[in-house]
$ cat final-v1.pdb   # PDB, C-alpha atoms
MODEL        1
ATOM      1  CA  MET A1337     -45.543-231.676 -77.851  1.00  0.00           C
ATOM      2  CA  VAL A1338     -47.147-231.568 -81.298  1.00  0.00           C
ATOM      3  CA  LYS A1339     -46.091-229.129 -84.005  1.00  0.00           C
ATOM      4  CA  TYR A1340     -47.466-228.409 -87.450  1.00  0.00           C
ATOM      5  CA  ILE A1341     -44.740-227.941 -90.041  1.00  0.00           C
ATOM      6  CA  LEU A1342     -45.820-226.297 -93.284  1.00  0.00           C
ATOM      7  CA  ALA A1343     -44.745-228.456 -96.224  1.00  0.00           C
ATOM      8  CA  LYS A1344     -42.958-226.639 -99.004  1.00  0.00           C
ATOM      9  CA  PRO A1345     -41.731-227.504-102.483  1.00  0.00           C
ATOM     10  CA  GLY A1346     -39.041-230.129-102.031  1.00  0.00           C
ATOM     11  CA  ASP A1347     -41.008-231.975 -99.312  1.00  0.00           C
ATOM     12  CA  GLU A1348     -42.906-234.158-101.783  1.00  0.00           C
ATOM     13  CA  PHE A1349     -40.720-237.220-101.137  1.00  0.00           C
ATOM     14  CA  ALA A1350     -41.353-237.088 -97.368  1.00  0.00           C
ATOM     15  CA  LEU A1351     -45.060-236.428 -97.896  1.00  0.00           C
ATOM     16  CA  SER A1352     -45.478-239.319-100.345  1.00  0.00           C
ATOM     17  CA  ALA A1353     -43.584-241.669 -98.023  1.00  0.00           C
ATOM     18  CA  LEU A1354     -45.770-240.682 -95.081  1.00  0.00           C
ATOM     19  CA  ARG A1355     -48.938-241.099 -97.167  1.00  0.00           C
ATOM     20  CA  LYS A1356     -47.861-244.591 -98.199  1.00  0.00           C
ATOM     21  CA  GLN A1357     -47.365-245.536 -94.548  1.00  0.00           C
ATOM     22  CA  VAL A1358     -50.632-243.998 -93.381  1.00  0.00           C
ATOM     23  CA  TRP A1359     -52.730-245.431 -96.202  1.00  0.00           C
ATOM     24  CA  ALA A1360     -51.423-248.939 -95.487  1.00  0.00           C
ATOM     25  CA  THR A1361     -52.731-248.688 -91.921  1.00  0.00           C
ATOM     26  CA  THR A1362     -55.898-246.706 -92.629  1.00  0.00           C
ATOM     27  CA  TYR A1363     -57.278-248.321 -95.773  1.00  0.00           C
ATOM     28  CA  ARG A1364     -56.229-251.980 -95.570  1.00  0.00           C
ATOM     29  CA  GLY A1365     -59.518-253.862 -95.833  1.00  0.00           C
ATOM     30  CA  ILE A1366     -61.249-250.914 -97.493  1.00  0.00           C
ATOM     31  CA  TYR A1367     -59.174-250.302-100.605  1.00  0.00           C
ATOM     32  CA  PRO A1368     -58.203-253.321-102.679  1.00  0.00           C
ATOM     33  CA  ASP A1369     -54.880-254.784-101.503  1.00  0.00           C
ATOM     34  CA  GLU A1370     -53.407-254.258-104.962  1.00  0.00           C
ATOM     35  CA  TYR A1371     -54.200-250.546-104.691  1.00  0.00           C
ATOM     36  CA  ILE A1372     -52.312-250.250-101.397  1.00  0.00           C
ATOM     37  CA  ASP A1373     -49.515-252.678-102.300  1.00  0.00           C
ATOM     38  CA  GLY A1374     -49.101-251.052-105.713  1.00  0.00           C
ATOM     39  CA  TYR A1375     -48.912-247.522-104.298  1.00  0.00           C
ATOM     40  CA  ASP A1376     -47.426-245.414-107.091  1.00  0.00           C
ATOM     41  CA  PHE A1377     -44.838-243.480-105.111  1.00  0.00           C
ATOM     42  CA  LEU A1378     -43.595-241.426-108.060  1.00  0.00           C
ATOM     43  CA  GLU A1379     -47.088-240.426-109.178  1.00  0.00           C
ATOM     44  CA  HIS A1380     -47.956-239.309-105.642  1.00  0.00           C
ATOM     45  CA  MET A1381     -44.703-237.348-105.488  1.00  0.00           C
ATOM     46  CA  ARG A1382     -45.620-235.598-108.746  1.00  0.00           C
ATOM     47  CA  ARG A1383     -49.099-234.743-107.419  1.00  0.00           C
ATOM     48  CA  ASP A1384     -47.632-233.474-104.165  1.00  0.00           C
ATOM     49  CA  ALA A1385     -45.068-231.381-106.022  1.00  0.00           C
ATOM     50  CA  ARG A1386     -47.864-229.760-108.070  1.00  0.00           C
ATOM     51  CA  ARG A1387     -49.978-229.166-104.963  1.00  0.00           C
ATOM     52  CA  LEU A1388     -47.102-227.666-102.989  1.00  0.00           C
ATOM     53  CA  ALA A1389     -46.059-225.438-105.890  1.00  0.00           C
ATOM     54  CA  SER A1390     -49.585-224.239-106.721  1.00  0.00           C
ATOM     55  CA  GLY A1391     -50.188-222.401-103.461  1.00  0.00           C
ATOM     56  CA  GLU A1392     -53.873-223.363-103.650  1.00  0.00           C
ATOM     57  CA  SER A1393     -53.586-225.640-100.624  1.00  0.00           C
ATOM     58  CA  ARG A1394     -51.612-225.677 -97.427  1.00  0.00           C
ATOM     59  CA  VAL A1395     -50.175-229.014 -96.391  1.00  0.00           C
ATOM     60  CA  TYR A1396     -48.686-229.588 -92.948  1.00  0.00           C
ATOM     61  CA  PHE A1397     -46.705-232.392 -91.401  1.00  0.00           C
ATOM     62  CA  ILE A1398     -47.858-233.281 -87.902  1.00  0.00           C
ATOM     63  CA  ARG A1399     -44.707-233.678 -85.852  1.00  0.00           C
ATOM     64  CA  ALA A1400     -44.820-235.298 -82.406  1.00  0.00           C
ATOM     65  CA  ALA A1401     -41.636-235.814 -80.406  1.00  0.00           C
ATOM     66  CA  CYS A1402     -39.414-235.227 -83.467  1.00  0.00           C
ATOM     67  CA  ALA A1403     -41.253-237.840 -85.557  1.00  0.00           C
ATOM     68  CA  ASP A1404     -43.831-237.424 -88.290  1.00  0.00           C
ATOM     69  CA  ALA A1405     -47.170-238.487 -86.819  1.00  0.00           C
ATOM     70  CA  GLY A1406     -49.260-237.679 -89.881  1.00  0.00           C
ATOM     71  CA  TYR A1407     -50.222-234.842 -92.177  1.00  0.00           C
ATOM     72  CA  PHE A1408     -53.152-232.665 -93.163  1.00  0.00           C
ATOM     73  CA  GLY A1409     -54.010-230.258 -95.924  1.00  0.00           C
ATOM     74  CA  PHE A1410     -56.674-227.701 -96.668  1.00  0.00           C
ATOM     75  CA  GLY A1411     -57.474-225.135 -99.294  1.00  0.00           C
ATOM     76  CA  LYS A1412     -59.251-225.267-102.617  1.00  0.00           C
ATOM     77  CA  PRO A1413     -61.195-228.474-103.173  1.00  0.00           C
ATOM     78  CA  ASP A1414     -59.369-231.299-104.942  1.00  0.00           C
ATOM     79  CA  ARG A1415     -62.466-231.924-106.999  1.00  0.00           C
ATOM     80  CA  PRO A1416     -64.954-229.334-108.252  1.00  0.00           C
ATOM     81  CA  PHE A1417     -67.455-228.769-105.454  1.00  0.00           C
ATOM     82  CA  ALA A1418     -69.150-225.579-106.586  1.00  0.00           C
ATOM     83  CA  ASP A1419     -70.762-224.521-103.322  1.00  0.00           C
ATOM     84  CA  TYR A1420     -67.547-224.520-101.294  1.00  0.00           C
ATOM     85  CA  ALA A1421     -64.450-222.341-101.570  1.00  0.00           C
ATOM     86  CA  PHE A1422     -62.484-224.431 -99.045  1.00  0.00           C
ATOM     87  CA  CYS A1423     -62.050-228.031 -98.116  1.00  0.00           C
ATOM     88  CA  LEU A1424     -60.089-230.148 -95.704  1.00  0.00           C
ATOM     89  CA  ASN A1425     -58.294-232.193 -98.363  1.00  0.00           C
ATOM     90  CA  SER A1426     -56.672-234.651 -95.980  1.00  0.00           C
ATOM     91  CA  LEU A1427     -56.153-235.465 -92.311  1.00  0.00           C
ATOM     92  CA  TYR A1428     -54.206-238.617 -91.515  1.00  0.00           C
ATOM     93  CA  LEU A1429     -52.472-239.887 -88.398  1.00  0.00           C
ATOM     94  CA  LEU A1430     -50.377-242.993 -87.944  1.00  0.00           C
ATOM     95  CA  PRO A1431     -52.134-245.487 -85.642  1.00  0.00           C
ATOM     96  CA  GLU A1432     -49.870-244.897 -82.651  1.00  0.00           C
ATOM     97  CA  TYR A1433     -50.902-241.217 -82.595  1.00  0.00           C
ATOM     98  CA  ARG A1434     -54.646-241.724 -82.895  1.00  0.00           C
ATOM     99  CA  GLY A1435     -56.910-241.270 -79.881  1.00  0.00           C
ATOM    100  CA  ARG A1436     -54.624-238.648 -78.286  1.00  0.00           C
ATOM    101  CA  GLY A1437     -56.610-235.536 -79.216  1.00  0.00           C
ATOM    102  CA  ILE A1438     -54.238-234.626 -82.047  1.00  0.00           C
ATOM    103  CA  GLY A1439     -56.955-234.862 -84.704  1.00  0.00           C
ATOM    104  CA  ARG A1440     -59.220-232.563 -82.683  1.00  0.00           C
ATOM    105  CA  ASP A1441     -56.372-230.056 -82.279  1.00  0.00           C
ATOM    106  CA  VAL A1442     -55.629-230.190 -86.014  1.00  0.00           C
ATOM    107  CA  PHE A1443     -59.292-229.610 -86.754  1.00  0.00           C
ATOM    108  CA  GLU A1444     -59.367-226.528 -84.508  1.00  0.00           C
ATOM    109  CA  PHE A1445     -56.177-225.240 -86.180  1.00  0.00           C
ATOM    110  CA  VAL A1446     -57.732-225.647 -89.646  1.00  0.00           C
ATOM    111  CA  LYS A1447     -60.919-223.896 -88.547  1.00  0.00           C
ATOM    112  CA  ALA A1448     -58.925-220.937 -87.191  1.00  0.00           C
ATOM    113  CA  GLU A1449     -56.882-220.711 -90.405  1.00  0.00           C
ATOM    114  CA  LEU A1450     -60.027-220.779 -92.542  1.00  0.00           C
ATOM    115  CA  ARG A1451     -61.672-218.099 -90.397  1.00  0.00           C
ATOM    116  CA  ASP A1452     -58.585-215.954 -91.068  1.00  0.00           C
ATOM    117  CA  LEU A1453     -59.278-216.493 -94.785  1.00  0.00           C
ATOM    118  CA  ASN A1454     -62.847-215.206 -94.203  1.00  0.00           C
ATOM    119  CA  ALA A1455     -64.431-218.606 -94.697  1.00  0.00           C
ATOM    120  CA  ASP A1456     -67.675-219.418 -92.953  1.00  0.00           C
ATOM    121  CA  VAL A1457     -68.015-222.992 -94.175  1.00  0.00           C
ATOM    122  CA  PHE A1458     -65.868-225.797 -95.569  1.00  0.00           C
ATOM    123  CA  PHE A1459     -66.320-229.419 -96.486  1.00  0.00           C
ATOM    124  CA  ASN A1460     -64.383-232.643 -96.393  1.00  0.00           C
ATOM    125  CA  ALA A1461     -64.730-235.977 -98.103  1.00  0.00           C
ATOM    126  CA  CYS A1462     -64.317-239.276 -96.320  1.00  0.00           C
ATOM    127  CA  ASN A1463     -64.409-242.863 -97.493  1.00  0.00           C
ATOM    128  CA  VAL A1464     -67.852-244.328 -96.743  1.00  0.00           C
ATOM    129  CA  HIS A1465     -66.248-247.472 -95.303  1.00  0.00           C
ATOM    130  CA  ASN A1466     -63.937-245.631 -92.873  1.00  0.00           C
ATOM    131  CA  ALA A1467     -66.189-245.741 -89.797  1.00  0.00           C
ATOM    132  CA  PRO A1468     -63.618-244.210 -87.381  1.00  0.00           C
ATOM    133  CA  ALA A1469     -63.168-241.180 -89.657  1.00  0.00           C
ATOM    134  CA  ILE A1470     -66.923-240.756 -90.123  1.00  0.00           C
ATOM    135  CA  GLY A1471     -67.327-240.792 -86.340  1.00  0.00           C
ATOM    136  CA  PHE A1472     -64.546-238.235 -85.969  1.00  0.00           C
ATOM    137  CA  TYR A1473     -65.994-235.786 -88.528  1.00  0.00           C
ATOM    138  CA  THR A1474     -69.430-236.148 -86.951  1.00  0.00           C
ATOM    139  CA  ARG A1475     -67.969-235.377 -83.501  1.00  0.00           C
ATOM    140  CA  MET A1476     -66.276-232.333 -85.040  1.00  0.00           C
ATOM    141  CA  GLY A1477     -69.734-231.014 -85.907  1.00  0.00           C
ATOM    142  CA  GLY A1478     -69.803-232.116 -89.533  1.00  0.00           C
ATOM    143  CA  LYS A1479     -73.188-232.387 -91.212  1.00  0.00           C
ATOM    144  CA  LEU A1480     -73.437-235.199 -93.750  1.00  0.00           C
ATOM    145  CA  VAL A1481     -74.423-233.509 -97.028  1.00  0.00           C
ATOM    146  CA  GLY A1482     -73.812-236.217 -99.593  1.00  0.00           C
ATOM    147  CA  VAL A1483     -72.931-239.847-100.246  1.00  0.00           C
ATOM    148  CA  SER A1484     -71.570-241.462-103.384  1.00  0.00           C
ATOM    149  CA  ASP A1485     -71.235-245.200-102.867  1.00  0.00           C
ATOM    150  CA  GLY A1486     -71.815-248.549-104.522  1.00  0.00           C
ATOM    151  CA  HIS A1487     -68.734-248.395-106.723  1.00  0.00           C
ATOM    152  CA  ILE A1488     -66.926-251.605-107.621  1.00  0.00           C
ATOM    153  CA  ASN A1489     -63.764-250.059-106.171  1.00  0.00           C
ATOM    154  CA  LYS A1490     -64.529-249.117-102.550  1.00  0.00           C
ATOM    155  CA  ALA A1491     -61.839-246.416-102.724  1.00  0.00           C
ATOM    156  CA  GLU A1492     -64.303-244.421-104.840  1.00  0.00           C
ATOM    157  CA  ASP A1493     -67.113-244.575-102.232  1.00  0.00           C
ATOM    158  CA  GLN A1494     -67.182-241.178-100.561  1.00  0.00           C
ATOM    159  CA  CYS A1495     -69.336-239.199 -98.184  1.00  0.00           C
ATOM    160  CA  TYR A1496     -69.185-235.449 -97.752  1.00  0.00           C
ATOM    161  CA  PHE A1497     -69.387-233.372 -94.590  1.00  0.00           C
ATOM    162  CA  GLU A1498     -70.122-229.677 -94.266  1.00  0.00           C
ATOM    163  CA  HIS A1499     -68.610-227.724 -91.367  1.00  0.00           C
ATOM    164  CA  ARG A1500     -69.860-224.277 -90.360  1.00  0.00           C
ATOM    165  CA  LEU A1501     -67.409-221.892 -88.753  1.00  0.00           C
TER
ENDMDL
END
$ encode --input "final-v1.pdb" --output "structure tokens"
Amino acid sequence: MVKYILAKPGDEFALSALRKQVWATTYRGIYPDEYIDGYDFLEHMRRDARRLASGESRVYFIRAACADAGYFGFGKPDRPFADYAFCLNSLYLLPEYRGRGIGRDVFEFVKAELRDLNADVFFNACNVHNAPAIGFYTRMGGKLVGVSDGHINKAEDQCYFEHRL
């Protein structure tokens, strides 16, 4: 059974630890090794603390069988994206939980929450080099609306998907 646990102020340590674990398995080979190996735990904790305290985004732990399987967040865009009021800021699963339909269920949960907020559209960003994620967002009905690639640091290469509700 999978549950979504709303993160609250004070959960930034657990969220940063989970992000470190997920990024190491998701972005190895995409992001420079020094970026992953030099993960700035304290800086990510500070960012998470600000995000959790701001109330502008909702962040959830994905809990499966009493273990954290991943996390997701949605709300105001992390970066200015003038045409959109809402964005899926993150959706990450540890490898052992991928391919089980959890991502699809999370996506449906986010869509329902955004409908309750009177949204009719949202966007998400995805690393251009993360082919599994691009495939997932396409299967979820995302329309590719922009690409920013060719950066020296592949972590900066992003594509953007629009999702209609």
$ closest_residue --input "final-v1.pdb" --among "A:His1380, A:Cys1495, A:Gln1357, A:Glu1432" --to "A:Ile1470" --atoms "all atoms listed in the file"
A:Cys1495
$ residues_around --input "final-v1.pdb" --residues "A:Pro1413" --least-positions-apart "4" --cutoff "12 Å" --atoms "only C-alpha atoms" --output "VMD selection string"
chain A and resid 1387 1392 to 1394 1409 1417 to 1426 1458 to 1461 1496
$ atom_distance --input "final-v1.pdb" --atom1 "atom CA of A:Glu1444" --atom2 "atom CA of A:Ala1491"
27.1 Å
$ closest_residue --input "final-v1.pdb" --among "A:Lys1412, A:Arg1399, A:Gly1482, A:Tyr1473" --to "A:Ile1438" --atoms "only C-alpha atoms"
A:Arg1399
$ residues_around --input "final-v1.pdb" --residues "A:Val1395" --least-positions-apart "6" --cutoff "7 Å" --atoms "only C-alpha atoms" --output "ChimeraX atom specification"
/A:1342-1343,1408-1410
$ closest_residue --input "final-v1.pdb" --among "A:Leu1453, A:Val1464, A:Leu1501, A:Leu1429" --to "A:Tyr1407" --atoms "only C-alpha atoms"
A:Leu1429
$ closest_residue --input "final-v1.pdb" --among "A:Cys1462, A:Met1476, A:Ala1469, A:Leu1351" --to "A:Arg1434" --atoms "all atoms listed in the file"
A:Ala1469
$ closest_residue --input "final-v1.pdb" --among "A:Lys1447, A:Lys1479, A:His1465, A:Lys1344" --to "A:Ala1385" --atoms "all atoms listed in the file"
A:Lys1344
$ closest_residue --input "final-v1.pdb" --among "A:Tyr1396, A:Phe1377, A:Gly1486, A:Gly1406" --to "A:Val1446" --atoms "all atoms listed in the file"
A:Tyr1396
$ atom_distance --input "final-v1.pdb" --atom1 "atom CA of A:Ile1366" --atom2 "atom CA of A:Phe1497"
19.6 Å
$ residues_around --input "final-v1.pdb" --residues "stretch 1368-1371 of chain A" --least-positions-apart "2" --cutoff "12 Å" --atoms "only C-alpha atoms" --output "compact mmCIF listing (two decimals) with C-alpha atoms, in the coordinates of the input"
# COMPACT_ATOMS: atom_id res chain seq x y z
CA LYS A 1356 -47.86 -244.59 -98.20
CA TRP A 1359 -52.73 -245.43 -96.20
CA ALA A 1360 -51.42 -248.94 -95.49
CA THR A 1361 -52.73 -248.69 -91.92
CA TYR A 1363 -57.28 -248.32 -95.77
CA ARG A 1364 -56.23 -251.98 -95.57
CA GLY A 1365 -59.52 -253.86 -95.83
CA ILE A 1366 -61.25 -250.91 -97.49
CA ASP A 1373 -49.52 -252.68 -102.30
CA GLY A 1374 -49.10 -251.05 -105.71
CA TYR A 1375 -48.91 -247.52 -104.30
CA ASP A 1376 -47.43 -245.41 -107.09
CA PHE A 1377 -44.84 -243.48 -105.11
CA ILE A 1488 -66.93 -251.60 -107.62
CA ASN A 1489 -63.76 -250.06 -106.17
CA LYS A 1490 -64.53 -249.12 -102.55
CA ALA A 1491 -61.84 -246.42 -102.72
CA GLU A 1492 -64.30 -244.42 -104.84
$ atom_distance --input "final-v1.pdb" --atom1 "atom CA of A:Val1338" --atom2 "atom CA of A:Ala1401"
7.0 Å
$ axis_aligned_box --input "final-v1.pdb" --around "stretch 1473-1489 of chain A" --padding-each-side "3 Å" --output "lines of an AutoDock Vina configuration file"
center_x = -69.1
center_y = -241.3
center_z = -95.6
size_x = 16.7
size_y = 26.6
size_z = 30.1
$ residues_around --input "final-v1.pdb" --residues "A:Thr1362" --least-positions-apart "6" --cutoff "9 Å" --atoms "only C-alpha atoms" --output "JSON, numbers by chain"
{"A": [1428, 1429, 1430, 1431, 1466]}
$ write_last_selection --input "final-v1.pdb" --atoms "C-alpha atoms" --output "CSV table (one decimal), in the coordinates of the input"
chain,number,residue,atom,x,y,z
A,1428,TYR,CA,-54.2,-238.6,-91.5
A,1429,LEU,CA,-52.5,-239.9,-88.4
A,1430,LEU,CA,-50.4,-243.0,-87.9
A,1431,PRO,CA,-52.1,-245.5,-85.6
A,1466,ASN,CA,-63.9,-245.6,-92.9
